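The structure file work_0.cif is reproduced below (mmCIF, C-alpha atoms).
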data_upload
loop_
_atom_site.group_PDB
_atom_site.id
_atom_site.type_symbol
_atom_site.label_atom_id
_atom_site.label_comp_id
_atom_site.auth_asym_id
_atom_site.auth_seq_id
_atom_site.Cartn_x
_atom_site.Cartn_y
_atom_site.Cartn_z
ATOM 1 C CA MET I 1 -10.071 -17.779 -10.731
ATOM 2 C CA SER I 2 -9.554 -17.715 -6.941
ATOM 3 C CA ARG I 3 -5.850 -16.896 -7.295
ATOM 4 C CA PHE I 4 -6.641 -14.171 -9.838
ATOM 5 C CA SER I 5 -9.151 -12.600 -7.441
ATOM 6 C CA ASP I 6 -6.712 -13.003 -4.547
ATOM 7 C CA CYS I 7 -4.005 -11.070 -6.397
ATOM 8 C CA PHE I 8 -6.172 -8.057 -7.189
ATOM 9 C CA LEU I 9 -8.075 -8.080 -3.876
ATOM 10 C CA LEU I 10 -4.710 -7.462 -2.266
ATOM 11 C CA LEU I 11 -4.890 -3.816 -3.394
ATOM 12 C CA PHE I 12 -7.583 -3.123 -0.788
ATOM 13 C CA GLY I 13 -5.464 -4.561 2.009
ATOM 14 C CA GLN I 14 -2.402 -2.657 0.855
ATOM 15 C CA LEU I 15 -4.389 0.598 0.743
ATOM 16 C CA ALA I 16 -5.593 0.034 4.297
ATOM 17 C CA VAL I 17 -2.140 -0.741 5.706
ATOM 18 C CA GLY I 18 -0.356 1.920 3.670
ATOM 19 C CA GLY I 19 -2.982 4.448 4.653
ATOM 20 C CA VAL I 20 -2.346 3.826 8.353
ATOM 21 C CA VAL I 21 1.370 4.388 7.791
ATOM 22 C CA GLY I 22 0.636 7.524 5.778
ATOM 23 C CA LEU I 23 -1.399 8.997 8.633
ATOM 24 C CA ALA I 24 1.718 8.870 10.811
ATOM 25 C CA VAL I 25 3.636 11.190 8.458
ATOM 26 C CA PRO I 26 2.052 14.609 9.160
ATOM 27 C CA PRO I 27 2.301 15.747 12.817
ATOM 28 C CA PHE I 28 -0.956 15.019 14.624
ATOM 29 C CA GLU I 29 -0.977 18.330 16.478
ATOM 30 C CA ALA I 30 -0.745 20.297 13.221
ATOM 31 C CA LEU I 31 -4.029 18.960 11.819
ATOM 32 C CA ASP I 32 -7.605 18.966 13.025
ATOM 33 C CA PRO I 33 -8.791 15.589 14.410
ATOM 34 C CA GLY I 34 -11.507 15.663 11.770
ATOM 35 C CA PHE I 35 -8.911 14.910 9.099
ATOM 36 C CA TYR I 36 -7.852 11.766 10.930
ATOM 37 C CA ARG I 37 -11.442 10.719 11.603
ATOM 38 C CA SER I 38 -12.435 10.915 7.943
ATOM 39 C CA SER I 39 -9.191 9.493 6.535
ATOM 40 C CA ALA I 40 -8.877 6.643 9.015
ATOM 41 C CA GLY I 41 -12.547 5.839 8.415
ATOM 42 C CA ILE I 42 -11.867 5.509 4.687
ATOM 43 C CA PHE I 43 -8.906 3.203 5.291
ATOM 44 C CA LEU I 44 -11.032 1.158 7.687
ATOM 45 C CA GLY I 45 -13.530 0.761 4.835
ATOM 46 C CA PHE I 46 -10.760 -0.648 2.624
ATOM 47 C CA ALA I 47 -9.754 -3.062 5.394
ATOM 48 C CA LEU I 48 -13.348 -4.261 5.807
ATOM 49 C CA ALA I 49 -13.744 -4.691 2.041
ATOM 50 C CA PHE I 50 -10.521 -6.701 1.880
ATOM 51 C CA LEU I 51 -11.510 -8.897 4.826
ATOM 52 C CA ALA I 52 -14.978 -9.532 3.369
ATOM 53 C CA GLY I 53 -13.398 -10.445 0.038
ATOM 54 C CA LYS I 54 -10.952 -12.872 1.675
ATOM 55 C CA VAL I 55 -13.765 -14.556 3.565
ATOM 56 C CA ALA I 56 -15.807 -14.841 0.362
ATOM 57 C CA LEU I 57 -12.862 -16.456 -1.466
ATOM 58 C CA VAL I 58 -12.365 -18.973 1.344
ATOM 59 C CA VAL I 59 -16.082 -19.819 1.389
ATOM 60 C CA ARG I 60 -16.135 -20.142 -2.398
ATOM 61 C CA GLY I 61 -13.086 -22.414 -2.313
ATOM 62 C CA GLY I 62 -14.644 -24.544 0.403
ATOM 63 C CA LEU I 63 -11.262 -25.280 2.021
ATOM 64 C CA LEU I 64 -9.889 -23.579 5.133
ATOM 65 C CA THR I 65 -6.203 -24.427 5.448
ATOM 66 C CA GLY I 66 -3.840 -23.520 8.252
ATOM 67 C CA ALA I 67 -2.232 -20.798 6.113
ATOM 68 C CA SER I 68 -5.550 -19.189 5.164
ATOM 69 C CA THR I 69 -6.726 -19.353 8.793
ATOM 70 C CA LEU I 70 -3.584 -17.560 9.962
ATOM 71 C CA GLU I 71 -3.972 -14.947 7.234
ATOM 72 C CA LEU I 72 -7.630 -14.297 8.076
ATOM 73 C CA ALA I 73 -6.811 -14.038 11.771
ATOM 74 C CA ALA I 74 -4.045 -11.511 11.088
ATOM 75 C CA TRP I 75 -6.235 -9.305 8.894
ATOM 76 C CA THR I 76 -9.135 -9.556 11.364
ATOM 77 C CA THR I 77 -7.000 -8.369 14.281
ATOM 78 C CA PHE I 78 -5.620 -5.537 12.130
ATOM 79 C CA THR I 79 -9.134 -4.455 11.169
ATOM 80 C CA VAL I 80 -10.295 -4.560 14.794
ATOM 81 C CA ALA I 81 -7.287 -2.480 15.903
ATOM 82 C CA LEU I 82 -7.942 0.045 13.141
ATOM 83 C CA GLY I 83 -11.607 0.185 14.150
ATOM 84 C CA LEU I 84 -10.577 0.912 17.740
ATOM 85 C CA TYR I 85 -8.324 3.700 16.497
ATOM 86 C CA VAL I 86 -11.165 5.267 14.516
ATOM 87 C CA ALA I 87 -13.410 5.036 17.588
ATOM 88 C CA SER I 88 -10.698 6.607 19.779
ATOM 89 C CA LEU I 89 -10.641 9.681 17.533
ATOM 90 C CA TRP I 90 -14.154 10.507 18.756
ATOM 91 C CA ARG I 91 -13.045 10.361 22.383
ATOM 92 C CA GLU I 92 -10.540 12.261 24.518
ATOM 93 C CA SER I 93 -8.507 9.171 25.461
ATOM 94 C CA THR I 94 -5.007 9.910 24.180
ATOM 95 C CA ALA I 95 -3.655 6.629 25.568
ATOM 96 C CA LEU I 96 -6.243 4.525 23.704
ATOM 97 C CA ARG I 97 -5.565 6.476 20.522
ATOM 98 C CA ALA I 98 -1.808 5.921 20.715
ATOM 99 C CA ARG I 99 -2.058 2.231 21.612
ATOM 100 C CA SER I 100 -4.700 1.374 19.020
ATOM 101 C CA PHE I 101 -2.793 3.222 16.282
ATOM 102 C CA SER I 102 0.475 1.459 17.147
ATOM 103 C CA ALA I 103 -1.342 -1.888 17.240
ATOM 104 C CA ALA I 104 -2.996 -1.251 13.865
ATOM 105 C CA LEU I 105 0.343 -0.246 12.347
ATOM 106 C CA LEU I 106 2.217 -3.333 13.570
ATOM 107 C CA LEU I 107 -0.642 -5.767 12.922
ATOM 108 C CA GLY I 108 -1.141 -4.380 9.425
ATOM 109 C CA LEU I 109 2.508 -4.922 8.511
ATOM 110 C CA LEU I 110 2.332 -8.424 10.013
ATOM 111 C CA ALA I 111 -0.831 -9.288 8.066
ATOM 112 C CA LEU I 112 0.714 -8.006 4.838
ATOM 113 C CA THR I 113 3.834 -10.087 5.483
ATOM 114 C CA ILE I 114 1.758 -13.232 6.013
ATOM 115 C CA SER I 115 -0.145 -12.586 2.773
ATOM 116 C CA ALA I 116 3.115 -11.988 0.914
ATOM 117 C CA LEU I 117 4.631 -15.264 2.083
ATOM 118 C CA ARG I 118 1.639 -17.175 0.725
ATOM 119 C CA PHE I 119 2.691 -16.122 -2.798
ATOM 120 C CA ARG I 120 6.380 -16.903 -2.217
ATOM 121 C CA VAL I 121 8.319 -19.152 -4.597
ATOM 122 C CA GLY I 122 11.440 -20.978 -3.530
ATOM 123 C CA PRO I 123 12.600 -22.273 -0.123
ATOM 124 C CA TRP I 124 11.694 -20.672 3.187
ATOM 125 C CA LEU I 125 15.317 -19.787 3.873
ATOM 126 C CA GLY I 126 15.831 -18.228 0.445
ATOM 127 C CA PRO I 127 15.816 -14.508 -0.421
ATOM 128 C CA ALA I 128 12.146 -14.690 -1.427
ATOM 129 C CA ALA I 129 11.168 -14.980 2.248
ATOM 130 C CA VAL I 130 12.437 -11.416 2.725
ATOM 131 C CA LEU I 131 11.899 -9.934 -0.732
ATOM 132 C CA TYR I 132 8.203 -10.804 -1.024
ATOM 133 C CA PRO I 133 7.167 -8.964 2.178
ATOM 134 C CA MET I 134 9.393 -6.050 1.133
ATOM 135 C CA GLY I 135 7.657 -5.855 -2.250
ATOM 136 C CA PHE I 136 4.167 -6.019 -0.766
ATOM 137 C CA VAL I 137 4.969 -3.443 1.909
ATOM 138 C CA ALA I 138 6.609 -1.081 -0.613
ATOM 139 C CA GLY I 139 3.465 -1.179 -2.767
ATOM 140 C CA ALA I 140 1.314 -0.538 0.300
ATOM 141 C CA LEU I 141 3.410 2.463 1.329
ATOM 142 C CA VAL I 142 3.116 4.016 -2.133
ATOM 143 C CA LEU I 143 -0.654 3.494 -2.230
ATOM 144 C CA GLY I 144 -1.066 4.871 1.273
ATOM 145 C CA ALA I 145 1.176 7.872 0.616
ATOM 146 C CA VAL I 146 -0.654 9.029 -2.508
ATOM 147 C CA ALA I 147 -4.099 8.410 -0.994
ATOM 148 C CA THR I 148 -3.228 10.300 2.193
ATOM 149 C CA GLY I 149 -1.760 13.144 0.148
ATOM 150 C CA MET I 150 -4.954 13.457 -1.851
ATOM 151 C CA LEU I 151 -7.110 13.378 1.307
ATOM 152 C CA LEU I 152 -4.948 15.999 2.992
ATOM 153 C CA GLY I 153 -5.153 18.200 -0.085
ATOM 154 C CA HIS I 154 -8.937 18.213 0.257
ATOM 155 C CA TRP I 155 -8.635 19.215 3.894
ATOM 156 C CA TYR I 156 -7.141 22.551 2.822
ATOM 157 C CA LEU I 157 -10.574 23.405 1.412
ATOM 158 C CA ILE I 158 -11.957 23.089 4.957
ATOM 159 C CA ASP I 159 -9.121 24.503 7.044
ATOM 160 C CA LEU I 160 -8.167 27.594 5.062
ATOM 161 C CA GLY I 161 -5.483 28.691 7.518
ATOM 162 C CA LEU I 162 -3.629 25.379 7.560
ATOM 163 C CA SER I 163 0.129 25.532 7.011
ATOM 164 C CA ILE I 164 1.481 24.123 3.748
ATOM 165 C CA ASP I 165 4.173 22.153 5.614
ATOM 166 C CA PRO I 166 2.119 18.952 6.285
ATOM 167 C CA LEU I 167 1.349 18.571 2.564
ATOM 168 C CA ARG I 168 4.977 19.182 1.615
ATOM 169 C CA ARG I 169 6.012 16.599 4.188
ATOM 170 C CA LEU I 170 3.624 14.043 2.698
ATOM 171 C CA LEU I 171 4.917 14.807 -0.791
ATOM 172 C CA ARG I 172 8.505 14.142 0.318
ATOM 173 C CA TYR I 173 7.355 10.879 1.874
ATOM 174 C CA PHE I 174 5.536 9.928 -1.346
ATOM 175 C CA VAL I 175 8.653 10.531 -3.453
ATOM 176 C CA THR I 176 10.794 8.581 -0.975
ATOM 177 C CA VAL I 177 8.587 5.477 -1.025
ATOM 178 C CA LEU I 178 8.376 5.602 -4.831
ATOM 179 C CA VAL I 179 12.181 5.519 -5.060
ATOM 180 C CA VAL I 180 12.293 2.740 -2.457
ATOM 181 C CA GLN I 181 9.743 0.736 -4.459
ATOM 182 C CA LEU I 182 11.844 1.007 -7.629
ATOM 183 C CA GLY I 183 14.867 -0.162 -5.654
ATOM 184 C CA VAL I 184 12.952 -3.111 -4.188
ATOM 185 C CA VAL I 185 11.763 -4.160 -7.672
ATOM 186 C CA ALA I 186 15.338 -4.063 -9.021
ATOM 187 C CA VAL I 187 16.784 -5.987 -6.061
ATOM 188 C CA THR I 188 13.973 -8.550 -6.189
ATOM 189 C CA LEU I 189 14.508 -9.293 -9.869
ATOM 190 C CA LEU I 190 18.278 -9.541 -9.415
ATOM 191 C CA LEU I 191 18.344 -11.762 -6.328
ATOM 192 C CA VAL I 192 15.469 -14.029 -7.370
ATOM 193 C CA ALA I 193 17.110 -14.483 -10.799
ATOM 194 C CA LEU I 194 20.324 -15.632 -9.096
ATOM 195 C CA THR I 195 18.525 -18.385 -7.198
ATOM 196 C CA SER I 196 17.901 -21.821 -8.632
ATOM 197 C CA GLY I 197 14.602 -23.514 -9.281
ATOM 198 C CA GLU I 198 11.212 -21.781 -9.219
ATOM 199 C CA GLY I 199 12.473 -18.253 -8.630
ATOM 200 C CA ALA I 200 14.935 -18.204 -11.514
ATOM 201 C CA SER I 201 12.323 -19.802 -13.769
ATOM 202 C CA ALA I 202 9.790 -17.120 -12.839
ATOM 203 C CA VAL I 203 12.222 -14.310 -13.698
ATOM 204 C CA ALA I 204 13.154 -16.014 -16.973
ATOM 205 C CA ARG I 205 9.490 -16.366 -17.868
ATOM 206 C CA LEU I 206 8.858 -12.710 -17.015
ATOM 207 C CA TRP I 207 11.723 -11.601 -19.260
ATOM 208 C CA GLN I 208 10.815 -13.876 -22.164
ATOM 209 C CA GLU I 209 7.009 -13.622 -22.173
ATOM 210 C CA TYR I 210 6.024 -10.506 -20.207
ATOM 211 C CA ARG I 211 8.800 -8.001 -20.874
ATOM 212 C CA PRO I 212 6.360 -5.364 -22.290
ATOM 213 C CA LEU I 213 4.131 -5.857 -19.231
ATOM 214 C CA LEU I 214 7.102 -5.201 -16.930
ATOM 215 C CA ALA I 215 8.015 -2.061 -18.886
ATOM 216 C CA MET I 216 4.428 -0.789 -18.671
ATOM 217 C CA ARG I 217 4.332 -1.561 -14.954
ATOM 218 C CA LEU I 218 7.395 0.655 -14.361
ATOM 219 C CA VAL I 219 6.712 3.453 -16.850
ATOM 220 C CA LEU I 220 2.996 3.892 -16.192
ATOM 221 C CA GLY I 221 3.376 3.331 -12.447
ATOM 222 C CA PRO I 222 6.244 4.664 -10.288
ATOM 223 C CA LEU I 223 8.063 6.547 -13.057
ATOM 224 C CA ALA I 224 4.911 8.390 -14.138
ATOM 225 C CA ALA I 225 4.056 9.050 -10.489
ATOM 226 C CA LEU I 226 7.512 10.562 -9.936
ATOM 227 C CA GLY I 227 6.877 12.918 -12.850
ATOM 228 C CA VAL I 228 3.557 13.996 -11.339
ATOM 229 C CA ALA I 229 5.233 14.381 -7.928
ATOM 230 C CA TRP I 230 7.680 16.853 -9.490
ATOM 231 C CA MET I 231 4.708 18.843 -10.818
ATOM 232 C CA ILE I 232 3.122 18.796 -7.337
ATOM 233 C CA HIS I 233 6.398 20.071 -5.884
ATOM 234 C CA ARG I 234 6.444 22.966 -8.352
ATOM 235 C CA THR I 235 2.796 23.736 -7.623
ATOM 236 C CA LEU I 236 3.347 23.844 -3.856
ATOM 237 C CA ARG I 237 6.099 26.416 -4.335
ATOM 238 C CA ILE I 238 3.463 28.943 -5.499
ATOM 239 C CA PRO I 239 1.753 27.677 -3.218
ATOM 240 C CA GLN I 240 -1.482 26.387 -4.754
ATOM 241 C CA THR I 241 -3.033 23.547 -2.763
ATOM 242 C CA MET I 242 -6.097 23.085 -5.004
ATOM 243 C CA ALA I 243 -3.944 22.466 -8.075
ATOM 244 C CA ALA I 244 -1.684 20.173 -6.035
ATOM 245 C CA THR I 245 -4.724 18.157 -4.936
ATOM 246 C CA GLY I 246 -5.795 17.771 -8.550
ATOM 247 C CA LEU I 247 -2.318 16.502 -9.411
ATOM 248 C CA PHE I 248 -2.548 14.030 -6.527
ATOM 249 C CA TYR I 249 -5.623 12.619 -8.314
ATOM 250 C CA ILE I 250 -3.466 12.022 -11.394
ATOM 251 C CA ALA I 251 -0.761 10.497 -9.196
ATOM 252 C CA ILE I 252 -3.328 8.095 -7.729
ATOM 253 C CA LEU I 253 -4.270 6.968 -11.236
ATOM 254 C CA ALA I 254 -0.608 6.368 -12.092
ATOM 255 C CA VAL I 255 0.000 4.424 -8.883
ATOM 256 C CA LEU I 256 -3.163 2.340 -9.275
ATOM 257 C CA VAL I 257 -2.361 1.483 -12.900
ATOM 258 C CA GLY I 258 1.147 0.452 -11.888
ATOM 259 C CA GLU I 259 -0.052 -1.625 -8.943
ATOM 260 C CA MET I 260 -2.746 -3.356 -10.995
ATOM 261 C CA LEU I 261 -0.138 -4.274 -13.602
ATOM 262 C CA GLY I 262 2.034 -5.485 -10.740
ATOM 263 C CA ARG I 263 -0.783 -7.711 -9.500
ATOM 264 C CA LEU I 264 -1.156 -9.078 -13.033
ATOM 265 C CA ILE I 265 2.568 -9.918 -13.029
ATOM 266 C CA LEU I 266 2.073 -11.563 -9.625
ATOM 267 C CA PHE I 267 -0.732 -13.674 -11.064
ATOM 268 C CA ARG I 268 1.190 -14.655 -14.184
ATOM 269 C CA THR I 269 4.659 -15.236 -12.689
ATOM 270 C CA SER I 270 4.292 -15.202 -8.861
ATOM 271 C CA LEU I 271 6.806 -12.336 -8.697
ATOM 272 C CA PRO I 272 5.945 -9.489 -6.241
ATOM 273 C CA LEU I 273 6.446 -6.548 -8.585
#

Kindly transcribe the structure held in the file into structure tokens.
Amino acid sequence: MSRFSDCFLLLFGQLAVGGVVGLAVPPFEALDPGFYRSSAGIFLGFALAFLAGKVALVVRGGLLTGASTLELAAWTTFTVALGLYVASLWRESTALRARSFSAALLLGLLALTISALRFRVGPWLGPAAVLYPMGFVAGALVLGAVATGMLLGHWYLIDLGLSIDPLRRLLRYFVTVLVVQLGVVAVTLLLVALTSGEGASAVARLWQEYRPLLAMRLVLGPLAALGVAWMIHRTLRIPQTMAATGLFYIAILAVLVGEMLGRLILFRTSLPL
């Protein structure tokens, strides 16, 4: 049960890290600081929820290993850095804002890498040591991109004179990370299948027992999200930001369904899809 909870709890951490990356996409000077205060505060909430869940799982398990200690320390420092960034948005200290944001970005990617390696199958020097962090980070970027796009779409209801360019920029970023995620999934399956031992067995099990689950993960997740992204692109050509924001809601549902199916595959096969 602990591993099952661990797999799905990961979504909160990925949302927090991906959200921080997503905030770096639109130019800061083009948007009101209020957008960053509210959005970063939401992503901080996801980070706190993830950290509280990890602590609860460790307490429930009653065993604090070296790996879990390192993971908790990494996520704690990320959460603290993100909290400092949120606090800096209410002050005029540009230096603190830049340093805390950079720290949160780097520490978040590091924490996600450490979590990914805990699920790794195969030797440390094998391809899984690189592919697992890539898979976890790709999922985080997609979650962060779609969530930031939806939050920015709502900001157009507040700042009526805001240029459409930041939202278009976020949409291009969203499409890019979706394509990257599909590429990472394909490369992961191919390279892990070519290894011997646990990795190859996991891919064989996925193909023999969970082939429909893999198809659903791809069709209902990134492929469906790409279709919605095309609709958002067409809507922004009008331009109609309210309709685009509504479509971002649908895109979030597609991404979340895909990522939840991916976490189920992770639980069943230990593959980071």

Q: Just the residues within 9 Å of segment 197-206 of chain I, please, counting all atoms listed in the file, with nothing from its chain fewer than 6 positions along; format it as a ChimeraX atom specification.
A: /I:120-122,128,189-191,213-214,265,268-271

(Q) Given the PyMOL selection byres ((chain I and resi 42) around 12) and the file above, list the residues it selects as a VMD selection string. (A) chain I and resid 12 15 to 17 19 to 20 23 35 to 41 43 to 49 82 to 83 86 144 147 to 148 151

Q) What lies within 7 Å of segment 223-234 of chain I using all atoms listed in the file, ignoring chain neighbours under 2 positions off, as a VMD selection string? A) chain I and resid 175 218 to 221 236 to 237 244 247 251 254 to 255

Q: Do a neighbour search on Trp75 of chain I at 8 Å with only C-alpha atoms, toss out local chain neighbours closer than 4 positions, and write the hits as a PyMOL selection string.
A: chain I and resi 47+51+71+79+107-108+111

**Q.** Cut-off 12 Å around (5.3, -3.6, 10.7) with all atoms listed in the file: residues as a PyMOL selection string
**A.** chain I and resi 17-18+20-21+78+101-114+133-134+136-138+140-141

Q) Which is closest to Ala116 of chain I among I:Tyr249, I:Ala56, I:Gln14, I:Glu259, if we use only C-alpha atoms? A) I:Gln14

Q: Would you list the contacts of segment 29-34 of chain I as a VMD selection string, taking every protein, DNA or RNA residue within 10 Å and counting all atoms listed in the file, but skipping same-chain residues closer than 3 positions in sequence?
A: chain I and resid 26 37 to 40 89 to 90 152 155 159 162 to 163 165 to 166

Could you add N, CA and C atoms to segment 2-20 of chain I and give me the result as a PDB file, in the coordinates of the input?
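Result saved to result_9.pdb:
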ATOM      1  N   SER I   2      -9.740 -18.147  -8.306  1.00  0.00           N
ATOM      2  CA  SER I   2      -9.554 -17.715  -6.941  1.00  0.00           C
ATOM      3  C   SER I   2      -8.219 -16.997  -6.783  1.00  0.00           C
ATOM      4  N   ARG I   3      -7.160 -17.534  -7.400  1.00  0.00           N
ATOM      5  CA  ARG I   3      -5.850 -16.896  -7.295  1.00  0.00           C
ATOM      6  C   ARG I   3      -5.854 -15.535  -7.993  1.00  0.00           C
ATOM      7  N   PHE I   4      -6.532 -15.446  -9.130  1.00  0.00           N
ATOM      8  CA  PHE I   4      -6.641 -14.171  -9.838  1.00  0.00           C
ATOM      9  C   PHE I   4      -7.321 -13.130  -8.947  1.00  0.00           C
ATOM     10  N   SER I   5      -8.429 -13.511  -8.327  1.00  0.00           N
ATOM     11  CA  SER I   5      -9.151 -12.600  -7.441  1.00  0.00           C
ATOM     12  C   SER I   5      -8.293 -12.235  -6.237  1.00  0.00           C
ATOM     13  N   ASP I   6      -7.566 -13.220  -5.714  1.00  0.00           N
ATOM     14  CA  ASP I   6      -6.712 -13.003  -4.547  1.00  0.00           C
ATOM     15  C   ASP I   6      -5.639 -11.955  -4.838  1.00  0.00           C
ATOM     16  N   CYS I   7      -5.067 -12.007  -6.025  1.00  0.00           N
ATOM     17  CA  CYS I   7      -4.005 -11.070  -6.397  1.00  0.00           C
ATOM     18  C   CYS I   7      -4.517  -9.637  -6.433  1.00  0.00           C
ATOM     19  N   PHE I   8      -5.674  -9.420  -7.034  1.00  0.00           N
ATOM     20  CA  PHE I   8      -6.172  -8.057  -7.189  1.00  0.00           C
ATOM     21  C   PHE I   8      -6.886  -7.552  -5.931  1.00  0.00           C
ATOM     22  N   LEU I   9      -7.463  -8.470  -5.145  1.00  0.00           N
ATOM     23  CA  LEU I   9      -8.075  -8.080  -3.876  1.00  0.00           C
ATOM     24  C   LEU I   9      -7.030  -7.492  -2.932  1.00  0.00           C
ATOM     25  N   LEU I  10      -5.809  -7.922  -3.110  1.00  0.00           N
ATOM     26  CA  LEU I  10      -4.710  -7.462  -2.266  1.00  0.00           C
ATOM     27  C   LEU I  10      -4.575  -5.941  -2.258  1.00  0.00           C
ATOM     28  N   LEU I  11      -4.984  -5.276  -3.324  1.00  0.00           N
ATOM     29  CA  LEU I  11      -4.890  -3.816  -3.394  1.00  0.00           C
ATOM     30  C   LEU I  11      -5.648  -3.141  -2.251  1.00  0.00           C
ATOM     31  N   PHE I  12      -6.798  -3.710  -1.874  1.00  0.00           N
ATOM     32  CA  PHE I  12      -7.583  -3.123  -0.788  1.00  0.00           C
ATOM     33  C   PHE I  12      -6.828  -3.233   0.536  1.00  0.00           C
ATOM     34  N   GLY I  13      -6.233  -4.399   0.782  1.00  0.00           N
ATOM     35  CA  GLY I  13      -5.464  -4.561   2.009  1.00  0.00           C
ATOM     36  C   GLY I  13      -4.252  -3.660   2.045  1.00  0.00           C
ATOM     37  N   GLN I  14      -3.573  -3.527   0.903  1.00  0.00           N
ATOM     38  CA  GLN I  14      -2.402  -2.657   0.855  1.00  0.00           C
ATOM     39  C   GLN I  14      -2.793  -1.190   1.077  1.00  0.00           C
ATOM     40  N   LEU I  15      -3.917  -0.776   0.526  1.00  0.00           N
ATOM     41  CA  LEU I  15      -4.389   0.598   0.743  1.00  0.00           C
ATOM     42  C   LEU I  15      -4.672   0.855   2.218  1.00  0.00           C
ATOM     43  N   ALA I  16      -5.269  -0.131   2.879  1.00  0.00           N
ATOM     44  CA  ALA I  16      -5.593   0.034   4.297  1.00  0.00           C
ATOM     45  C   ALA I  16      -4.323   0.155   5.135  1.00  0.00           C
ATOM     46  N   VAL I  17      -3.380  -0.753   4.923  1.00  0.00           N
ATOM     47  CA  VAL I  17      -2.140  -0.741   5.706  1.00  0.00           C
ATOM     48  C   VAL I  17      -1.302   0.492   5.366  1.00  0.00           C
ATOM     49  N   GLY I  18      -1.130   0.755   4.077  1.00  0.00           N
ATOM     50  CA  GLY I  18      -0.356   1.920   3.670  1.00  0.00           C
ATOM     51  C   GLY I  18      -0.983   3.217   4.127  1.00  0.00           C
ATOM     52  N   GLY I  19      -2.303   3.258   4.178  1.00  0.00           N
ATOM     53  CA  GLY I  19      -2.982   4.448   4.653  1.00  0.00           C
ATOM     54  C   GLY I  19      -2.704   4.719   6.122  1.00  0.00           C
ATOM     55  N   VAL I  20      -2.670   3.663   6.930  1.00  0.00           N
ATOM     56  CA  VAL I  20      -2.346   3.826   8.353  1.00  0.00           C
ATOM     57  C   VAL I  20      -0.934   4.390   8.510  1.00  0.00           C
TER      58      VAL I  20
END
